[in-house]
Amino acid sequence: MSNSRYYAPTAGHPAQTELLTGRAIVTEAYTVIPRDVMRDIVTSVLPGWRDTRTWILNRPVAGGATTFAQYLVEVAPGGGSDRPEPQAGVESFVFLLEGELTVVIDGTRHVLAPGGFAFLPPDAEWQVSNDAGELAKFQWIRKRYQPLEGHTPAPLVGNEQDVEPGSMPGTDNKWRTTRMLPVEDLAYDMHINVVTFEPGAVIPFAETHVMEHGLYVLEGKAVYRLNDDWVEVQEGDYLSLRAFCPQACYAGGPSNFRYLLYKDVNRQIVL
């Protein structure tokens with residue numbers, strides 16, 4: 001495995017001497033939630049979870065991204081859930097940032113290390129627990145599955161460090177994408193990728209497309225062009241981009257800039 005690292009906020013609470021000004025931005029095109037906003041005071045306790053707290057990063061909201069919900073979840077030793085998903089027809093993707101996490105899917109036990117992931121199809125029987133001695137922190141993406149006749153998604157478990165990334169054309173492998181779900185399989189109606197930029201690499205045009213994005217920065221820093229704005233982002237920051245938000249970025253270094261990316265794909269537009 002590589003020496004990849006995955007940033008997870010440590011929460012806590014700011015001192016009374018700190019300035020109020022931060023980098024949080026909410027517009028109709030995009031939202032930026034910087035890591036220093038993820039404090040104890042904004043956590044939720046989810047029904048059906050033990051010794052767990054959650055930062056809800058995205059939910060369907062008018063004027064914003066509407067296809068998914070995304071959480072940062074922190075599970076204490078001994079914590080977890082025997083029924084994580086309360087809704088029928090909802091699929092999940094779990095990506096571990098820190099610690100160790102046990103995921104049981106249809107009776108089969110899997111232990112995730114940092115970089116580990118699990119795709120849980122809609123209506124799968126699954127449980128999650130922290131059987132180790134330190135906190136487990138992970139990203140959890142939930143989406144209402146759009147069924148397609150003749151296609152059924154299967155559970156998938158792995159580690160992004162074991163998946164060969166694909167180089168973007170004309171970038172000398174300085175911009176590459178690790179695709180954790182099968183991109184050509186119509187059974188899957190979302191893609192979850194880890195995108196890596198080496199220092200100085202860029203998205204050289206303003207991508208403007210129908211796919212929504214949830215973007216959690218795993219490592220490094222960059223300047224992102226969002227709509228008409230240049231926004232600085234760093235590891236631990238979160239971005240929610242609505243459909244057709246123009247987007248580009250420049251990786252500033254000194255380390256690689258890497259992020260976990262959600263997008264909705266592979267379905268006809270419902271009119």
# chains A, B, ... in the order shown; residues from 1 in each chain; ligands from 1
call {"tool": "residues_around", "arguments": {"residues": "Arg35 in chain A", "least_positions_apart": "6", "cutoff": "12 Å", "atoms": "only C-alpha atoms", "output": "list in words"}}
result
Tyr7, Ala8, Pro9, Thr10, Ala11, Gly12, Gly22, Arg23, Ala24, Trp55, Leu57, Leu72, Tyr216, Val217, Leu218, Val233, Gln234, Glu235, Gly236, Asp237, Tyr238 and Leu239 of chain A
call {"tool": "residues_around", "arguments": {"residues": "range 126-132 of chain A", "least_positions_apart": "4", "cutoff": "8 Å", "atoms": "only C-alpha atoms", "output": "list in words"}}
result
Val75, Ala76, Pro77, Gly78, Gly79, Gly80, Ser81, Asp82, Arg83, Pro84, Gly99, Glu100, Leu101, Thr102, Val103, Val104, Ile105, Asp106, Gly107, Leu120 and Ala136 of chain A
call {"tool": "atom_distance", "arguments": {"atom1": "CA of Leu96 in chain A", "atom2": "CA of Pro114 in chain A"}}
result
5.0 Å
call {"tool": "residues_around", "arguments": {"residues": "Leu241 in chain A", "least_positions_apart": "5", "cutoff": "12 Å", "atoms": "only C-alpha atoms", "output": "MDAnalysis selection string"}}
result
chainID A and resid 25:33 57:61 63:68 207:216 224:227 246:248 261:264
call {"tool": "select_by_dssp", "arguments": {"residues": "range 104-197 of chain A", "states": "strand (DSSP E or B)", "output": "ChimeraX atom specification"}}
result
/A:104-105,108-112,116-120,126-129,136-144,148,151,156-159,166-167,175-179,190-197
call {"tool": "select_by_dssp", "arguments": {"residues": "range 8-180 of chain A", "states": "helix (DSSP H, G or I)", "output": "JSON, numbers by chain"}}
result
{"A": [35, 36, 37, 40, 41, 42, 160, 161, 162]}
call {"tool": "residues_around", "arguments": {"residues": "Tyr188 in chain A", "least_positions_apart": "4", "cutoff": "12 Å", "atoms": "only C-alpha atoms", "output": "NGL selection string"}}
result
:A and (91-93 or 119-122 or 143-148 or 151-156 or 180-184 or 192 or 263-267)
call {"tool": "atom_distance", "arguments": {"atom1": "CA of Ala222 in chain A", "atom2": "CA of Thr43 in chain A"}}
result
26.8 Å
call {"tool": "closest_residue", "arguments": {"among": "A:Leu271, A:Ala206, A:Leu19, A:Leu260", "to": "Phe244 in chain A", "atoms": "only C-alpha atoms"}}
result
A:Ala206
call {"tool": "atom_distance", "arguments": {"atom1": "CA of Asp228 in chain A", "atom2": "CA of Val270 in chain A"}}
result
29.1 Å
call {"tool": "closest_residue", "arguments": {"among": "A:Gly150, A:Pro204, A:Gly170, A:Gly158", "to": "Phe95 in chain A", "atoms": "only C-alpha atoms"}}
result
A:Gly158
call {"tool": "residues_around", "arguments": {"residues": "Trp140 in chain A", "least_positions_apart": "5", "cutoff": "6 Å", "atoms": "only C-alpha atoms", "output": "VMD selection string"}}
result
chain A and resid 70 to 71 93 to 94
